[in-house]
$ cat structure.csv   # CSV, C-alpha atoms
chain,number,residue,atom,x,y,z
A,1,MET,CA,15.1,-7.3,18.0
A,2,LYS,CA,15.8,-4.2,15.9
A,3,GLU,CA,16.5,-3.9,12.2
A,4,ALA,CA,20.2,-3.3,13.2
A,5,ASP,CA,20.2,-6.6,15.0
A,6,LEU,CA,18.8,-8.4,11.9
A,7,TRP,CA,21.5,-6.7,9.8
A,8,ARG,CA,24.3,-7.9,12.1
A,9,LYS,CA,23.0,-11.4,11.9
A,10,ILE,CA,22.9,-11.3,8.1
A,11,ARG,CA,26.4,-9.7,7.9
A,12,ASN,CA,28.0,-12.1,10.4
A,13,GLY,CA,26.2,-15.1,8.9
A,14,THR,CA,27.4,-14.4,5.4
A,15,LYS,CA,30.9,-13.1,6.2
A,16,SER,CA,32.6,-16.3,4.9
A,17,LEU,CA,30.8,-15.9,1.5
A,18,GLY,CA,32.6,-12.7,0.6
A,19,ILE,CA,29.5,-10.7,-0.2
A,20,HIS,CA,30.1,-7.0,-0.6
A,21,TRP,CA,27.5,-5.5,1.6
A,22,SER,CA,26.6,-1.8,1.9
A,23,ARG,CA,24.3,-0.7,4.7
A,24,VAL,CA,22.3,2.2,3.3
A,25,GLU,CA,21.4,5.0,5.7
A,26,SER,CA,17.9,6.5,5.6
A,27,TRP,CA,19.2,9.8,4.4
A,28,ALA,CA,20.4,8.2,1.1
A,29,GLY,CA,17.0,8.9,-0.5
A,30,PRO,CA,13.3,8.2,0.2
A,31,GLY,CA,12.4,4.5,-0.1
A,32,VAL,CA,16.0,3.2,-0.7
A,33,PRO,CA,16.2,-0.3,1.0
A,34,ASP,CA,18.5,-0.9,4.0
A,35,LEU,CA,21.0,-3.2,2.3
A,36,ASN,CA,22.7,-3.5,-1.0
A,37,GLY,CA,24.6,-6.8,-1.7
A,38,CYS,CA,26.8,-8.0,-4.5
A,39,TYR,CA,27.8,-11.7,-4.7
A,40,LYS,CA,29.5,-13.4,-7.7
A,41,GLY,CA,28.4,-10.6,-10.0
A,42,HIS,CA,24.8,-10.5,-8.8
A,43,GLU,CA,23.5,-7.3,-7.2
A,44,PHE,CA,20.4,-7.2,-5.0
A,45,TRP,CA,18.7,-4.9,-2.6
A,46,ILE,CA,17.1,-5.9,0.7
A,47,GLU,CA,14.6,-4.0,2.9
A,48,LEU,CA,14.8,-5.2,6.5
A,49,LYS,CA,11.7,-5.3,8.7
A,50,VAL,CA,11.1,-6.6,12.2
A,51,ARG,CA,7.5,-7.8,12.8
A,52,ARG,CA,6.1,-6.2,16.0
A,53,SER,CA,2.5,-6.9,15.2
A,54,LYS,CA,0.4,-8.6,12.5
A,55,ARG,CA,0.9,-5.7,10.1
A,56,ILE,CA,4.2,-4.9,8.4
A,57,VAL,CA,4.5,-1.1,7.8
A,58,PHE,CA,6.1,0.3,4.7
A,59,ARG,CA,6.3,3.9,3.8
A,60,PRO,CA,4.8,4.8,0.4
A,61,HIS,CA,8.3,5.7,-0.9
A,62,GLN,CA,9.6,2.2,-0.1
A,63,MET,CA,6.8,0.6,-2.1
A,64,VAL,CA,7.4,2.9,-5.1
A,65,TRP,CA,11.2,2.3,-4.9
A,66,HIS,CA,10.7,-1.5,-5.1
A,67,TYR,CA,8.3,-1.3,-8.1
A,68,SER,CA,10.5,1.2,-9.9
A,69,ARG,CA,13.7,-0.9,-9.4
A,70,LEU,CA,11.9,-4.1,-10.5
A,71,LYS,CA,10.5,-2.4,-13.6
A,72,ALA,CA,14.1,-1.5,-14.5
A,73,GLY,CA,15.1,-5.1,-14.1
A,74,GLY,CA,16.7,-5.0,-10.6
A,75,SER,CA,16.4,-7.5,-7.8
A,76,THR,CA,14.7,-6.4,-4.6
A,77,PHE,CA,13.8,-8.4,-1.5
A,78,ILE,CA,12.3,-8.0,1.9
A,79,VAL,CA,13.6,-9.8,4.9
A,80,ILE,CA,11.3,-9.9,7.9
A,81,GLY,CA,12.4,-11.1,11.3
A,82,ASP,CA,9.8,-12.0,13.8
A,83,PRO,CA,11.2,-12.2,17.3
A,84,ARG,CA,7.8,-13.5,18.6
A,85,SER,CA,8.0,-16.7,16.5
A,86,GLY,CA,11.8,-16.8,16.2
A,87,VAL,CA,11.5,-16.9,12.4
A,88,VAL,CA,13.1,-14.9,9.6
A,89,ASP,CA,11.4,-14.9,6.1
A,90,LEU,CA,12.5,-13.7,2.7
A,91,TYR,CA,10.1,-12.2,0.1
A,92,PRO,CA,10.6,-10.9,-3.4
A,93,GLY,CA,10.1,-7.1,-3.6
A,94,SER,CA,7.3,-7.5,-6.0
A,95,VAL,CA,4.9,-8.6,-3.2
A,96,VAL,CA,5.4,-5.4,-1.1
A,97,ARG,CA,1.8,-4.2,-1.7
A,98,ARG,CA,0.3,-7.6,-0.7
A,99,LEU,CA,2.4,-7.6,2.5
A,100,ILE,CA,1.0,-4.3,3.4
A,101,GLU,CA,-2.6,-5.1,2.5
A,102,ASP,CA,-3.1,-8.5,4.1
A,103,GLY,CA,0.3,-10.1,4.8
A,104,ALA,CA,-1.0,-13.4,3.3
A,105,VAL,CA,2.1,-14.1,1.1
A,106,ASP,CA,4.2,-17.2,1.3
A,107,PRO,CA,7.9,-16.4,1.7
A,108,ILE,CA,10.4,-17.8,-0.9
A,109,TRP,CA,12.6,-18.8,2.0
A,110,SER,CA,12.1,-19.2,5.8
A,111,SER,CA,14.2,-20.3,8.8
A,112,LEU,CA,14.4,-20.2,12.5
A,113,ILE,CA,16.6,-17.2,13.5
A,114,ARG,CA,18.7,-19.1,16.0
A,115,LYS,CA,19.5,-21.9,13.6
A,116,CYS,CA,19.6,-19.9,10.5
A,117,ASP,CA,21.7,-21.0,7.5
A,118,TRP,CA,22.4,-17.6,6.0
A,119,ARG,CA,24.1,-19.2,3.0
A,120,ALA,CA,20.7,-20.7,2.2
A,121,LEU,CA,19.1,-17.2,2.3
A,122,VAL,CA,21.7,-15.9,-0.3
A,123,GLU,CA,21.1,-19.0,-2.4
A,124,ALA,CA,17.3,-18.3,-2.4
A,125,ILE,CA,18.0,-14.7,-3.5
A,126,LEU,CA,20.2,-15.9,-6.4
A,127,ASP,CA,17.7,-18.7,-7.4
A,128,HIS,CA,14.8,-16.3,-7.3
A,129,ARG,CA,16.7,-13.7,-9.2
A,130,SER,CA,16.8,-15.8,-12.4
A,131,VAL,CA,13.0,-15.7,-12.9
A,132,MET,CA,11.5,-12.3,-12.3
A,133,LYS,CA,8.0,-11.0,-12.7
A,134,ASP,CA,7.2,-9.3,-16.0
A,135,PRO,CA,7.7,-5.6,-15.3
A,136,ARG,CA,4.1,-5.0,-16.6
A,137,SER,CA,2.8,-7.0,-13.6
A,138,VAL,CA,5.0,-4.9,-11.2
A,139,VAL,CA,3.4,-1.6,-12.4
A,140,ASP,CA,-0.1,-2.9,-11.5
A,141,GLY,CA,0.9,-4.3,-8.1
A,142,GLY,CA,2.5,-7.6,-9.0
A,143,ASP,CA,-0.7,-9.5,-8.9
A,144,ARG,CA,-0.4,-11.1,-12.4
A,145,ASN,CA,1.4,-14.4,-12.7
A,146,ASP,CA,3.4,-13.4,-15.8
A,147,ASN,CA,6.9,-14.6,-15.5
A,148,LYS,CA,9.8,-14.2,-17.9
A,149,GLU,CA,13.4,-15.3,-17.9
A,150,VAL,CA,15.9,-12.6,-17.2
A,151,ALA,CA,19.1,-12.9,-19.2

$ encode --input "structure.csv" --output "structure tokens"
Amino acid sequence: MKEADLWRKIRNGTKSLGIHWSRVESWAGPGVPDLNGCYKGHEFWIELKVRRSKRIVFRPHQMVWHYSRLKAGGSTFIVIGDPRSGVVDLYPGSVVRRLIEDGAVDPIWSSLIRKCDWRALVEAILDHRSVMKDPRSVVDGGDRNDNKEVA
């Protein structure tokens, strides 16, 4: 599985929802995530990763982009497909540093790739979007448990 395969699964699995997807090419700017989605007035960004080993690799610009967007009040997520286990996981962008360091982060949503309910992935994104980390916690790596409601 490649990131392009994961993108096609998400696109095809959410087609009936009417999400406006934009696949962002790497030349758009350093660190910009792979996907931008807008659904019912909610915009979000998704970085796609395919697990090929225990470690997930992010470029420094990707980590900085997530933290900068979160600090500005945006919604960022990471979707990791693991062809070895057949599982796809969704993480908030605020945990990117912890994913790099030890990978011991619980996803906010998980499913088997073959039986994936992609609508549930989108619902998890929208549900998680309503309570975001305090931007102060994002600057220091997102390790604080400060939460605040986002209007």

$ atom_distance --input "structure.csv" --atom1 "CA of Arg84 (chain A)" --atom2 "CA of Arg55 (chain A)"
13.4 Å

$ residues_around --input "structure.csv" --residues "Leu90 (chain A)" --least-positions-apart "6" --cutoff "8 Å" --atoms "all atoms listed in the file" --output "ChimeraX atom specification"
/A:77-80,107-110,121

$ atom_distance --input "structure.csv" --atom1 "CA of Gly37 (chain A)" --atom2 "CA of His66 (chain A)"
15.3 Å

$ atom_distance --input "structure.csv" --atom1 "CA of Asn12 (chain A)" --atom2 "CA of Tyr67 (chain A)"
29.1 Å

$ closest_residue --input "structure.csv" --among "A:Ser94, A:Ile100, A:Trp21, A:Lys54" --to "Lys71 (chain A)" --atoms "all atoms listed in the file"
A:Ser94

$ build_atoms --input "structure.csv" --residues "region 41-60 of chain A" --atoms "N, CA, C and O atoms" --output "PDB file, in the coordinates of the input"
ATOM      1  N   GLY A  41      28.898 -11.332  -8.870  1.00  0.00           N
ATOM      2  CA  GLY A  41      28.400 -10.600 -10.000  1.00  0.00           C
ATOM      3  C   GLY A  41      26.901 -10.276  -9.967  1.00  0.00           C
ATOM      4  O   GLY A  41      26.377  -9.654 -10.886  1.00  0.00           O
ATOM      5  N   HIS A  42      26.201 -10.712  -8.939  1.00  0.00           N
ATOM      6  CA  HIS A  42      24.800 -10.500  -8.800  1.00  0.00           C
ATOM      7  C   HIS A  42      24.493  -9.448  -7.753  1.00  0.00           C
ATOM      8  O   HIS A  42      24.870  -9.631  -6.599  1.00  0.00           O
ATOM      9  N   GLU A  43      23.846  -8.367  -8.152  1.00  0.00           N
ATOM     10  CA  GLU A  43      23.500  -7.300  -7.200  1.00  0.00           C
ATOM     11  C   GLU A  43      22.068  -7.402  -6.803  1.00  0.00           C
ATOM     12  O   GLU A  43      21.198  -7.713  -7.616  1.00  0.00           O
ATOM     13  N   PHE A  44      21.791  -7.118  -5.527  1.00  0.00           N
ATOM     14  CA  PHE A  44      20.400  -7.200  -5.000  1.00  0.00           C
ATOM     15  C   PHE A  44      20.263  -6.212  -3.870  1.00  0.00           C
ATOM     16  O   PHE A  44      21.232  -5.804  -3.234  1.00  0.00           O
ATOM     17  N   TRP A  45      19.023  -5.833  -3.640  1.00  0.00           N
ATOM     18  CA  TRP A  45      18.700  -4.900  -2.600  1.00  0.00           C
ATOM     19  C   TRP A  45      17.743  -5.589  -1.585  1.00  0.00           C
ATOM     20  O   TRP A  45      16.880  -6.370  -1.993  1.00  0.00           O
ATOM     21  N   ILE A  46      17.921  -5.287  -0.298  1.00  0.00           N
ATOM     22  CA  ILE A  46      17.100  -5.900   0.700  1.00  0.00           C
ATOM     23  C   ILE A  46      16.560  -4.842   1.684  1.00  0.00           C
ATOM     24  O   ILE A  46      17.322  -4.040   2.230  1.00  0.00           O
ATOM     25  N   GLU A  47      15.255  -4.857   1.866  1.00  0.00           N
ATOM     26  CA  GLU A  47      14.600  -4.000   2.900  1.00  0.00           C
ATOM     27  C   GLU A  47      14.444  -4.911   4.121  1.00  0.00           C
ATOM     28  O   GLU A  47      13.915  -6.023   4.036  1.00  0.00           O
ATOM     29  N   LEU A  48      14.929  -4.445   5.256  1.00  0.00           N
ATOM     30  CA  LEU A  48      14.800  -5.200   6.500  1.00  0.00           C
ATOM     31  C   LEU A  48      13.607  -4.691   7.290  1.00  0.00           C
ATOM     32  O   LEU A  48      13.379  -3.484   7.407  1.00  0.00           O
ATOM     33  N   LYS A  49      12.842  -5.631   7.824  1.00  0.00           N
ATOM     34  CA  LYS A  49      11.700  -5.300   8.700  1.00  0.00           C
ATOM     35  C   LYS A  49      11.691  -6.257   9.853  1.00  0.00           C
ATOM     36  O   LYS A  49      12.077  -7.424   9.732  1.00  0.00           O
ATOM     37  N   VAL A  50      11.256  -5.755  10.992  1.00  0.00           N
ATOM     38  CA  VAL A  50      11.100  -6.600  12.200  1.00  0.00           C
ATOM     39  C   VAL A  50       9.571  -6.538  12.501  1.00  0.00           C
ATOM     40  O   VAL A  50       9.001  -5.451  12.644  1.00  0.00           O
ATOM     41  N   ARG A  51       8.976  -7.708  12.563  1.00  0.00           N
ATOM     42  CA  ARG A  51       7.500  -7.800  12.800  1.00  0.00           C
ATOM     43  C   ARG A  51       7.288  -7.556  14.318  1.00  0.00           C
ATOM     44  O   ARG A  51       7.805  -8.269  15.168  1.00  0.00           O
ATOM     45  N   ARG A  52       6.486  -6.539  14.592  1.00  0.00           N
ATOM     46  CA  ARG A  52       6.100  -6.200  16.000  1.00  0.00           C
ATOM     47  C   ARG A  52       4.620  -6.443  16.199  1.00  0.00           C
ATOM     48  O   ARG A  52       4.146  -6.410  17.321  1.00  0.00           O
ATOM     49  N   SER A  53       3.889  -6.620  15.113  1.00  0.00           N
ATOM     50  CA  SER A  53       2.500  -6.900  15.200  1.00  0.00           C
ATOM     51  C   SER A  53       2.082  -7.657  13.920  1.00  0.00           C
ATOM     52  O   SER A  53       2.959  -8.039  13.146  1.00  0.00           O
ATOM     53  N   LYS A  54       0.809  -7.865  13.715  1.00  0.00           N
ATOM     54  CA  LYS A  54       0.400  -8.600  12.500  1.00  0.00           C
ATOM     55  C   LYS A  54       0.713  -7.884  11.238  1.00  0.00           C
ATOM     56  O   LYS A  54       1.049  -8.493  10.239  1.00  0.00           O
ATOM     57  N   ARG A  55       0.638  -6.565  11.266  1.00  0.00           N
ATOM     58  CA  ARG A  55       0.900  -5.700  10.100  1.00  0.00           C
ATOM     59  C   ARG A  55       2.368  -5.399   9.930  1.00  0.00           C
ATOM     60  O   ARG A  55       3.048  -5.132  10.908  1.00  0.00           O
ATOM     61  N   ILE A  56       2.812  -5.374   8.697  1.00  0.00           N
ATOM     62  CA  ILE A  56       4.200  -4.900   8.400  1.00  0.00           C
ATOM     63  C   ILE A  56       3.960  -3.487   7.769  1.00  0.00           C
ATOM     64  O   ILE A  56       3.131  -3.301   6.879  1.00  0.00           O
ATOM     65  N   VAL A  57       4.705  -2.532   8.254  1.00  0.00           N
ATOM     66  CA  VAL A  57       4.500  -1.100   7.800  1.00  0.00           C
ATOM     67  C   VAL A  57       5.641  -0.776   6.829  1.00  0.00           C
ATOM     68  O   VAL A  57       6.826  -0.962   7.110  1.00  0.00           O
ATOM     69  N   PHE A  58       5.211  -0.263   5.682  1.00  0.00           N
ATOM     70  CA  PHE A  58       6.100   0.300   4.700  1.00  0.00           C
ATOM     71  C   PHE A  58       5.697   1.714   4.406  1.00  0.00           C
ATOM     72  O   PHE A  58       4.502   2.017   4.361  1.00  0.00           O
ATOM     73  N   ARG A  59       6.655   2.577   4.204  1.00  0.00           N
ATOM     74  CA  ARG A  59       6.300   3.900   3.800  1.00  0.00           C
ATOM     75  C   ARG A  59       6.029   3.900   2.286  1.00  0.00           C
ATOM     76  O   ARG A  59       6.548   3.064   1.545  1.00  0.00           O
ATOM     77  N   PRO A  60       5.170   4.822   1.821  1.00  0.00           N
ATOM     78  CA  PRO A  60       4.800   4.800   0.400  1.00  0.00           C
ATOM     79  C   PRO A  60       6.055   4.884  -0.520  1.00  0.00           C
ATOM     80  O   PRO A  60       6.099   4.212  -1.548  1.00  0.00           O
TER      81      PRO A  60
END
